[in-house]
Amino acid sequence: MVKVLIAGGAGYIGSTVASACLDAGITPVILDSLVRGRREFTEGRTFYEGDIADGAVVDRIFSDHPDISAAVHCAALIVVPESVADPIGYYEANVSKSLSFLSHLHRNGCDRIVFSSSASIYQAEDGSPVNEDSPLAPQSPYARTKAHCEQMFADIAVAGPRVLSLRYFNPVGADPELRTGLQLKRPSHALGVLIQAHQEGRPFPITGTNYPTRDGTGIRDYVHVWDLAAAHVAAIERFDSILTDSKRSTAINLGTGNGTTVRELCDAFNAVVSTPLATVDADPRPGDVAGGYTKSDRAAGLLGWTPKLSLEEAIRSALEWIPVRDERLKD
């Protein structure tokens, strides 16, 4: 049976990847510091509490599990405003510790790395789609840490572990079996704010209505987190056919191919809930841009992956997850 190490496996993305691995017959071994992850998401799974930069912990994992064949690196801080307020903390957590982690993996003979990257590294400001060859222009310290990691990993891959980077914008929804989901009770992304507005009975402000998009509102790429988890499983299973001794690193976009405008997101939300949510047009916030979305032709070709779940299904699972989250995550 295939066994993989999932760094950050107690977080939103990592725990969902772990569930998808289990469903696919892959055994996950989870490493998480629990700085942002939840212990509840490790229940029934092999779990090591520790930092990815702690070589002794990584060495112990490989001593206990010498049959680990790959590592999925989902451990990162990801809040954009927080990265602006604390860039040193973000560069340390996301770049410095990632360098240490790859060093520890290399020392233990782990040659296959799947890196959870971000499509926020692209120059995506005018509502246009991006592909893997589009210009890079990360707009926040968080996004720049992802770009730096990719560049660093490409250099390391020449003489060290091979690295497959998966780039995506906006994961939404929960594990369809509600084993895990977004652990934050007041998330800052659009769907989270929509849900809060609906729960509190107030209109949702659509900030910006004159962008160069099909309805004038900002556009983003919302991908069901379970589809993203399936892509990670495909990356593990097809790793050696994608990366070889002659091609040791590459990046793959994961997206819907169309993107979703803010108005379309609101319409999808209202198609799911029983009481429609009111909206109100508002001025764009400082720093807001039209946004963009990803093309996933490379994912279809290399991973055999296309998103299967609709935005409505993602919204429905996010709503179903809330009472489960509130029951399981007491603090």
# chains A, B, ... in the order shown; residues from 1 in each chain; ligands from 1
>>> residues_around(residues="Gly11 of chain A", least_positions_apart="6", cutoff="8 Å", atoms="only C-alpha atoms", output="ChimeraX atom specification")
/A:36-38,41,75,183
>>> closest_atom_pairs(of="segment 36-90 of chain A", to="segment 185-205 of chain A", cutoff="12 Å", atoms="only C-alpha atoms", output="Markdown table")
| residue | atom | partner | partner_atom | distance |
| --- | --- | --- | --- | --- |
| A:Ile78 | CA | A:Ser188 | CA | 11.4 |
| A:Val79 | CA | A:Ser188 | CA | 8.7 |
| A:Val80 | CA | A:Ser188 | CA | 9.8 |
| A:Pro81 | CA | A:Ser188 | CA | 9.9 |
| A:Glu82 | CA | A:Ser188 | CA | 11.4 |
>>> write_last_selection(atoms="N, CA and C atoms", output="compact mmCIF listing (two decimals), in the first residue's frame")
# COMPACT_ATOMS: atom_id res chain seq x y z
N ILE A 78 -1.56 31.50 5.50
CA ILE A 78 -2.21 31.82 4.23
C ILE A 78 -3.07 33.08 4.24
N VAL A 79 -3.10 33.86 5.32
CA VAL A 79 -4.00 35.01 5.40
C VAL A 79 -3.30 36.25 4.85
N VAL A 80 -3.81 36.79 3.76
CA VAL A 80 -3.13 37.89 3.07
C VAL A 80 -2.95 39.13 3.96
N PRO A 81 -4.00 39.67 4.61
CA PRO A 81 -3.77 40.85 5.46
C PRO A 81 -2.78 40.58 6.59
N GLU A 82 -2.80 39.39 7.13
CA GLU A 82 -1.85 39.02 8.17
C GLU A 82 -0.43 39.03 7.63
>>> closest_residue(among="A:Ala24, A:Ala10, A:Leu182, A:Ile68", to="Glu49 of chain A", atoms="only C-alpha atoms")
A:Ala10
>>> residues_around(residues="Ser96 of chain A", least_positions_apart="2", cutoff="12 Å", atoms="only C-alpha atoms", output="list in words")
Ile52, Ala53, Asp54, Ala76, Ile88, Gly89, Tyr90, Tyr91, Glu92, Ala93, Asn94, Ser98, Leu99, Ser100, Phe101, Leu102, Ser103, Thr145, Lys146, His148, Cys149, Met152 and Phe153 of chain A
>>> closest_residue(among="A:Val262, A:Ile219, A:Ala290, A:Leu31", to="Asp59 of chain A", atoms="only C-alpha atoms")
A:Leu31
>>> select_by_dssp(residues="segment 73-216 of chain A", states="strand (DSSP E)", output="ChimeraX atom specification")
/A:73,112-116,129-130,162-167,170-172,204-207
